[in-house]
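Take a look at the structure below.
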Amino acid sequence: MTPTVSVIIPNYNHEPYLKERIESVLAQDYQDFELILLDDCSTDNSKEIIELYRDNPHVAHVVMNEQNTGNTFVQWERGIHLARGRFIWIAESDDVADQHFLSTLIPLLEADETRVVAYSHSQMIDSNGHPLQQTWHKKGSSGDILVYDGKSFNHSEMLRHCAIYNASMTVFRKSVFKMVPGDYQHFRYQGDWLFWAYVCRQGDVVEVCRQLNRLRRHGNEVSARAERNGAKWRDTAGILTRFIDIMQLSSWQQRCLRGRWSKRFCKEDIPDKDGLLSDFPQIYAGTFFDMLCYELDKLFCPKNRPYLIIS
């Protein structure tokens, strides 16, 4: 029987967290899923842990790479091509799920064919699983369920930051993947931002304001390394440049975008700032007037609430 959900766990050197991750998937109270385990040539004992689950009835595929791809998004695509489910959950190998994650998000997607992606809020945890105070959800985890038009969501949420900042908190329709260009794989550190923007363009977006995902913060994260070496800012500029075309931003919107990101850029201690300014003046070389336009736009052009509260 074809499963409703395909759960993809792409792993690389997450031995300390891998068993807890897999067990949190298997413990879901929604059980109509297949599990696809991928290992990108780990150098720790991840493979031994994965082998413990090879014969589990939920496990449809175990793929052990003989060479490291160096790109988690290549692993995403490999898993998606193997997936048989109508919905995809990319469950990052160092995160943990609440047991109600799938049983909450899947019915919301099934309720309306126009809904292409649903995501929950995340509880940040440290390397030992202890809760952190940090949160990236300004609206708070109220329990509300919000439905956005995807294109409005991109303009209101994704231009400012990657609102869908963790694959583990997200489920999407496999059918929209064929509409996702492969250029997101060119951005090793921030490609998910572009990936989710492409997905959101295809229909409605559901935000569940509950912490159904636990996102682990630790020093070995790819994103943490990108912060330290400045690669995140190069990816950010490349993606925002794509957004100008994808979202057909007006000259005023481009000026406000440049003002926002130039203001942030100026405040940060970033390696190779001069190189970034030279390569991406349309994003980081904003003038005082650009920054003023951004502030005036926030003050005098408040955006209409782009979502519908359904619960």
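Labels for the structure tokens follow display order: chains A, B, ..., residues from 1 in each chain, ligands from 1.
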| request: Would you please extract all helix (DSSP H, G or I) residues from segment 18-236 of chain A, as assigned by DSSP on the backbone, and give them as a ChimeraX atom specification? | output: /A:18-26,46-51,72-82,101-110,150-158,167-169,174-179,182-186,191-200,222-229,231-236
With 10 Å as the cut-off and only C-alpha atoms counted, what is the closest atom pair between each nearby residue of segment 182-226 of chain A and segment 154-170 of chain A? Distances in Å to one decimal, ordered by chain and number, as CSV.
residue,atom,partner,partner_atom,distance
A:Gln190,CA,A:Cys162,CA,8.9
A:Asp192,CA,A:Tyr165,CA,7.7
A:Trp193,CA,A:Cys162,CA,5.4
A:Leu194,CA,A:Cys162,CA,8.6
A:Phe195,CA,A:Ile164,CA,9.9
A:Trp196,CA,A:Ile164,CA,7.0
A:Ala197,CA,A:Asn154,CA,6.2
A:Tyr198,CA,A:Asn154,CA,9.1
A:Val199,CA,A:Asn154,CA,10.0
A:Cys200,CA,A:Asn154,CA,7.0
A:Arg201,CA,A:Asn154,CA,7.5
A:Val205,CA,A:Asn154,CA,9.8
A:Val206,CA,A:Thr170,CA,9.8
A:Glu207,CA,A:Thr170,CA,9.4
A:Val208,CA,A:Met169,CA,9.8
A:Gln211,CA,A:Met169,CA,8.9
A:Leu212,CA,A:Met169,CA,7.3
A:Asn213,CA,A:Met169,CA,5.5
A:Arg214,CA,A:Met169,CA,8.3
A:Leu215,CA,A:Asn166,CA,7.6
| note | One residue among A:Leu35, A:Arg217, A:Ser278, A:Asn11 is nearest to His130 of chain A when using only C-alpha atoms, and that residue is A:Arg217
| said: If we count only C-alpha atoms and set the cut-off at 10 Å, which residues sit around segment 91-103 of chain A, ignoring sequence neighbours fewer than 5 positions away in its own chain? Please answer as a PyMOL selection string. | reply: chain A and resi 5+7-33+35-39+72+76+108+119-120+122-125+127+129+166-171+210-218+221
| query | Mind pulling up the distance from atom CA of Ala83 of chain A to atom CA of Gly70 of chain A? | reply |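 Computing it gives 21.7 Å between the two atoms.
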| request: State, in Å with one decimal place, the distance from atom CA of Gly259 of chain A to atom CA of Tyr184 of chain A. | output: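 Spanning atom CA of Gly259 of chain A to atom CA of Tyr184 of chain A is a straight-line distance of 24.5 Å.
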| field | Who sits within 10 Å of Ser6 of chain A, only C-alpha atoms, same chain under 6 positions skipped, as number ranges by chain | value | A: 32-36, 58-60, 79-80, 82-90, 171, 174
| What gap, in Å, lies between atom CA of Val176 of chain A and atom CA of Val74 of chain A? |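 Between these atoms lies a distance of 17.4 Å.
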| request: Just the strand (DSSP E) stuff from segment 91-240 of chain A, please, per backbone DSSP, written as a ChimeraX atom specification. | output: /A:96-97,115-125,145-149,170-173,204-216
Mind dumping the selected residues with C-alpha atoms as a short mmCIF file (atom, residue, chain, number, x, y, z; two decimals), in the first residue's frame?
data_model
loop_
_atom_site.label_atom_id
_atom_site.label_comp_id
_atom_site.auth_asym_id
_atom_site.auth_seq_id
_atom_site.Cartn_x
_atom_site.Cartn_y
_atom_site.Cartn_z
CA VAL A 96 13.50 15.83 17.29
CA ALA A 97 9.74 15.74 16.62
CA ARG A 115 -2.48 24.07 0.48
CA VAL A 116 1.01 23.02 -0.57
CA VAL A 117 3.08 23.39 2.58
CA ALA A 118 2.46 23.39 6.33
CA TYR A 119 4.90 24.18 9.10
CA SER A 120 4.90 24.32 12.88
CA HIS A 121 6.86 26.41 15.34
CA SER A 122 10.08 25.09 16.86
CA GLN A 123 11.47 24.82 20.38
CA MET A 124 15.21 25.48 20.29
CA ILE A 125 17.30 22.94 22.20
CA ILE A 145 -3.55 28.04 12.66
CA LEU A 146 -2.87 30.63 9.95
CA VAL A 147 -3.39 30.18 6.20
CA TYR A 148 -1.54 32.45 3.76
CA ASP A 149 -1.70 32.91 0.04
CA THR A 170 7.75 21.40 7.54
CA VAL A 171 5.64 19.06 5.40
CA PHE A 172 4.91 19.74 1.72
CA ARG A 173 3.12 18.17 -1.26
CA ASP A 204 -1.33 28.27 0.11
CA VAL A 205 0.89 28.06 3.19
CA VAL A 206 -0.29 26.85 6.61
CA GLU A 207 1.45 28.00 9.80
CA VAL A 208 0.66 26.05 12.98
CA CYS A 209 1.57 28.20 15.98
CA ARG A 210 2.54 25.27 18.19
CA GLN A 211 6.02 24.00 19.04
CA LEU A 212 5.83 20.57 17.41
CA ASN A 213 9.51 20.48 16.40
CA ARG A 214 12.68 20.68 18.47
CA LEU A 215 15.52 22.34 16.57
CA ARG A 216 18.95 21.51 17.92
#
| message | Using only C-alpha atoms, which protein or nucleic acid residues come within 9 Å of segment 246-256 of chain A? Drop anything in the same chain fewer than 4 positions from it, and give the result as a ChimeraX atom specification. | response | /A:151,154-155,198,241-242,260-261,282-283,286,289-295,297
